[in-house]
file protein.pdb (PDB, C-alpha atoms)
ATOM      1  CA  MET A   1      75.837 106.282 142.438
ATOM      2  CA  THR A   2      74.949 102.644 142.039
ATOM      3  CA  LEU A   3      77.365  99.878 141.205
ATOM      4  CA  ARG A   4      75.605  99.437 137.868
ATOM      5  CA  ASN A   5      76.198 103.113 136.963
ATOM      6  CA  MET A   6      79.844 102.908 138.030
ATOM      7  CA  LEU A   7      80.360  99.814 135.864
ATOM      8  CA  ALA A   8      78.690 101.512 132.890
ATOM      9  CA  ILE A   9      80.899 104.592 133.272
ATOM     10  CA  GLY A  10      83.973 102.391 133.664
ATOM     11  CA  ALA A  11      83.088 100.426 130.521
ATOM     12  CA  ALA A  12      82.519 103.650 128.582
ATOM     13  CA  LEU A  13      85.866 105.045 129.719
ATOM     14  CA  LEU A  14      87.643 101.820 128.827
ATOM     15  CA  THR A  15      86.066 101.869 125.354
ATOM     16  CA  ALA A  16      87.069 105.510 124.843
ATOM     17  CA  ILE A  17      90.646 104.834 125.920
ATOM     18  CA  THR A  18      90.861 101.772 123.676
ATOM     19  CA  LEU A  19      89.578 103.734 120.677
ATOM     20  CA  ALA A  20      91.970 106.605 121.382
ATOM     21  CA  PHE A  21      94.979 104.297 121.345
ATOM     22  CA  ALA A  22      93.763 102.060 118.546
ATOM     23  CA  GLY A  23      95.356 102.617 115.172
ATOM     24  CA  THR A  24      93.512 104.572 112.575
ATOM     25  CA  SER A  25      94.599 102.165 109.867
ATOM     26  CA  ILE A  26      92.221 101.031 107.168
ATOM     27  CA  THR A  27      92.414  98.126 104.749
ATOM     28  CA  GLN A  28      91.568  98.583 101.068
ATOM     29  CA  THR A  29      91.384  96.065  98.250
ATOM     30  CA  ILE A  30      92.456  97.254  94.803
ATOM     31  CA  HIS A  31      92.316  95.300  91.548
ATOM     32  CA  VAL A  32      95.827  95.294  90.023
ATOM     33  CA  PHE A  33      96.644  93.632  86.712
ATOM     34  CA  GLY A  34      99.657  91.303  86.622
ATOM     35  CA  ASN A  35     100.671  87.707  85.970
ATOM     36  CA  CYS A  36     103.316  86.117  88.142
ATOM     37  CA  ASN A  37     105.382  86.073  91.314
ATOM     38  CA  SER A  38     107.726  88.651  89.790
ATOM     39  CA  CYS A  39     104.693  90.917  89.455
ATOM     40  CA  LYS A  40     103.872  90.295  93.114
ATOM     41  CA  LYS A  41     107.313  91.485  94.194
ATOM     42  CA  ARG A  42     107.228  94.503  91.878
ATOM     43  CA  ILE A  43     103.755  95.546  93.045
ATOM     44  CA  GLU A  44     104.361  95.094  96.777
ATOM     45  CA  LYS A  45     107.904  96.459  97.097
ATOM     46  CA  PRO A  46     107.260 100.168  96.434
ATOM     47  CA  LEU A  47     104.210 100.119  98.704
ATOM     48  CA  LYS A  48     106.064  98.664 101.649
ATOM     49  CA  SER A  49     108.471 101.597 101.523
ATOM     50  CA  LEU A  50     105.681 104.220 101.612
ATOM     51  CA  ASP A  51     105.322 105.929 104.976
ATOM     52  CA  GLY A  52     101.980 104.893 106.416
ATOM     53  CA  VAL A  53     101.638 101.562 104.607
ATOM     54  CA  GLU A  54     101.648  98.741 107.129
ATOM     55  CA  LYS A  55     100.908  95.749 104.882
ATOM     56  CA  ALA A  56     100.677  95.152 101.158
ATOM     57  CA  SER A  57      99.894  91.798  99.599
ATOM     58  CA  TRP A  58      98.962  91.059  95.975
ATOM     59  CA  ASP A  59      97.318  87.766  94.985
ATOM     60  CA  LYS A  60      98.227  86.689  91.442
ATOM     61  CA  ASP A  61      95.143  84.471  91.071
ATOM     62  CA  THR A  62      92.532  87.041  92.088
ATOM     63  CA  LYS A  63      94.581  90.081  90.979
ATOM     64  CA  GLN A  64      93.636  91.699  94.298
ATOM     65  CA  LEU A  65      96.012  93.931  96.219
ATOM     66  CA  THR A  66      95.156  94.222  99.894
ATOM     67  CA  VAL A  67      96.751  97.235 101.564
ATOM     68  CA  THR A  68      96.558  98.259 105.203
ATOM     69  CA  PHE A  69      97.561 101.878 105.729
ATOM     70  CA  ASP A  70      97.181 104.947 107.897
ATOM     71  CA  PRO A  71      95.088 107.462 105.911
ATOM     72  CA  GLU A  72      96.590 110.303 107.939
ATOM     73  CA  LYS A  73     100.004 109.495 106.424
ATOM     74  CA  VAL A  74      99.240 108.165 102.937
ATOM     75  CA  SER A  75      96.208 108.192 100.651
ATOM     76  CA  GLU A  76      94.741 105.538  98.405
ATOM     77  CA  VAL A  77      95.559 107.805  95.450
ATOM     78  CA  ILE A  78      99.268 107.796  96.369
ATOM     79  CA  ILE A  79      99.147 104.009  96.725
ATOM     80  CA  ARG A  80      97.570 103.657  93.272
ATOM     81  CA  LYS A  81     100.158 106.038  91.791
ATOM     82  CA  ALA A  82     102.999 103.963  93.277
ATOM     83  CA  VAL A  83     101.524 100.826  91.679
ATOM     84  CA  ALA A  84     101.210 102.605  88.318
ATOM     85  CA  GLU A  85     104.781 103.913  88.552
ATOM     86  CA  ALA A  86     105.887 100.292  89.016
ATOM     87  CA  GLY A  87     104.251  99.532  85.643
ATOM     88  CA  TYR A  88     100.919  98.058  86.729
ATOM     89  CA  ASP A  89      97.378  99.146  85.899
ATOM     90  CA  THR A  90      94.764  99.314  88.639
ATOM     91  CA  ASP A  91      91.022  99.370  88.203
ATOM     92  CA  SER A  92      91.108 103.185  88.126
ATOM     93  CA  LEU A  93      94.633 104.227  87.124
ATOM     94  CA  ARG A  94      96.642 103.060  84.127
ATOM     95  CA  ALA A  95     100.440 102.832  84.200
ATOM     96  CA  THR A  96     102.248 104.984  81.665
ATOM     97  CA  ASN A  97     103.457 103.206  78.543
ATOM     98  CA  GLU A  98     107.008 104.065  79.629
ATOM     99  CA  SER A  99     106.721 102.364  83.034
ATOM    100  CA  TYR A 100     104.801  99.413  81.548
ATOM    101  CA  SER A 101     107.467  98.896  78.846
ATOM    102  CA  LYS A 102     110.110  98.364  81.562
ATOM    103  CA  LEU A 103     108.378  95.202  82.828
ATOM    104  CA  PRO A 104     109.893  91.834  81.884
ATOM    105  CA  LYS A 105     107.986  89.830  79.251
ATOM    106  CA  CYS A 106     106.515  87.465  81.839
ATOM    107  CA  CYS A 107     104.908  90.444  83.561
ATOM    108  CA  LYS A 108     103.255  91.934  80.475
ATOM    109  CA  TYR A 109      99.502  91.671  80.944
ATOM    110  CA  ARG A 110      98.020  93.974  78.298
ATOM    111  CA  ASP A 111      96.369  92.311  75.269
ATOM    112  CA  GLY A 112      98.921  90.819  72.887
ATOM    113  CA  ASP A 113     101.899  91.533  75.166
ATOM    114  CA  HIS A 114     101.986  88.429  77.354
ATOM    115  CA  GLU A 115     103.867  85.392  76.166
ATOM    116  CA  GLU A 116     103.100  82.112  77.866
ATOM    117  CA  GLU A 117     106.083  80.526  79.580
TER     118      GLU A 117
END
call {"tool": "encode", "arguments": {"input": "protein.pdb", "output": "structure tokens"}}
result
Amino acid sequence: MTLRNMLAIGAALLTAITLAFAGTSITQTIHVFGNCNSCKKRIEKPLKSLDGVEKASWDKDTKQLTVTFDPEKVSEVIIRKAVAEAGYDTDSLRATNESYSKLPKCCKYRDGDHEEE
């Protein structure tokens, strides 16, 4: 066996070991309606307590929620449901009227509900 072959096998083994120990986490971006920093806290808090969610950050200007999670522990559907249960609509799941009605006035984002501060 040549040195070149040994190095190639070593590199392949190192890559395989690295992939085996690397996390299986993925990062998704979800559009979530909201208005303010209170919304940010209300959107992020329930996600951070979900098993499998590593990071959750909502940007009030872009309305984008970026979530890093382990898909073997939690699904994107469960993440979206947690956001909806907090009272916030996503691009594919609407919060119930009951959960939405519990939001403070500054957090109301549906047409005709939001009052400027």
call {"tool": "closest_residue", "arguments": {"input": "protein.pdb", "among": "A:Cys39, A:Leu50, A:Val77, A:Ala56", "to": "A:Tyr100", "atoms": "only C-alpha atoms"}}
result
A:Cys39
call {"tool": "closest_residue", "arguments": {"input": "protein.pdb", "among": "A:Asp89, A:Asp70, A:Asp51, A:Glu76", "to": "A:Phe33", "atoms": "only C-alpha atoms"}}
result
A:Asp89
call {"tool": "resolve_selection", "arguments": {"input": "protein.pdb", "expression": "the PyMOL selection byres ((chain A and resi 69) around 6)", "output": "list in words"}}
result
Ser25, Ile26, Gly52, Val53, Glu54, Thr68 and Asp70 of chain A
call {"tool": "resolve_selection", "arguments": {"input": "protein.pdb", "expression": "the PyMOL selection byres ((chain A and resi 84) around 8)", "output": "list in words"}}
result
Arg80, Lys81, Ala82, Val83, Glu85, Ala86, Gly87, Tyr88, Asp89, Thr90, Leu93, Arg94, Ala95, Thr96 and Ser99 of chain A
call {"tool": "atom_distance", "arguments": {"input": "protein.pdb", "atom1": "atom CA of A:Glu72", "atom2": "atom CA of A:Arg42"}}
result
24.9 Å
call {"tool": "residues_around", "arguments": {"input": "protein.pdb", "residues": "A:Lys41", "least_positions_apart": "4", "cutoff": "10 Å", "atoms": "only C-alpha atoms", "output": "number ranges by chain"}}
result
A: 36-37, 45-46, 57-58
call {"tool": "atom_distance", "arguments": {"input": "protein.pdb", "atom1": "atom CA of A:Lys108", "atom2": "atom CA of A:Val32"}}
result
12.6 Å
call {"tool": "atom_distance", "arguments": {"input": "protein.pdb", "atom1": "atom CA of A:Pro71", "atom2": "atom CA of A:Ser92"}}
result
18.7 Å
call {"tool": "axis_aligned_box", "arguments": {"input": "protein.pdb", "around": "stretch 48-56 of chain A", "padding_each_side": "4 Å", "output": "lines of an AutoDock Vina configuration file"}}
result
center_x = 104.6
center_y = 100.5
center_z = 104.1
size_x = 15.8
size_y = 18.8
size_z = 14.0
call {"tool": "closest_residue", "arguments": {"input": "protein.pdb", "among": "A:Lys73, A:Ile79, A:Asn35, A:Ile43", "to": "A:Arg110", "atoms": "only C-alpha atoms"}}
result
A:Asn35
call {"tool": "resolve_selection", "arguments": {"input": "protein.pdb", "expression": "the PyMOL selection byres ((chain A and resi 66) around 9)", "output": "count of residues only"}}
result
14
call {"tool": "closest_residue", "arguments": {"input": "protein.pdb", "among": "A:Met1, A:Lys40, A:Cys107, A:Lys102", "to": "A:Lys63", "atoms": "all atoms listed in the file"}}
result
A:Lys40
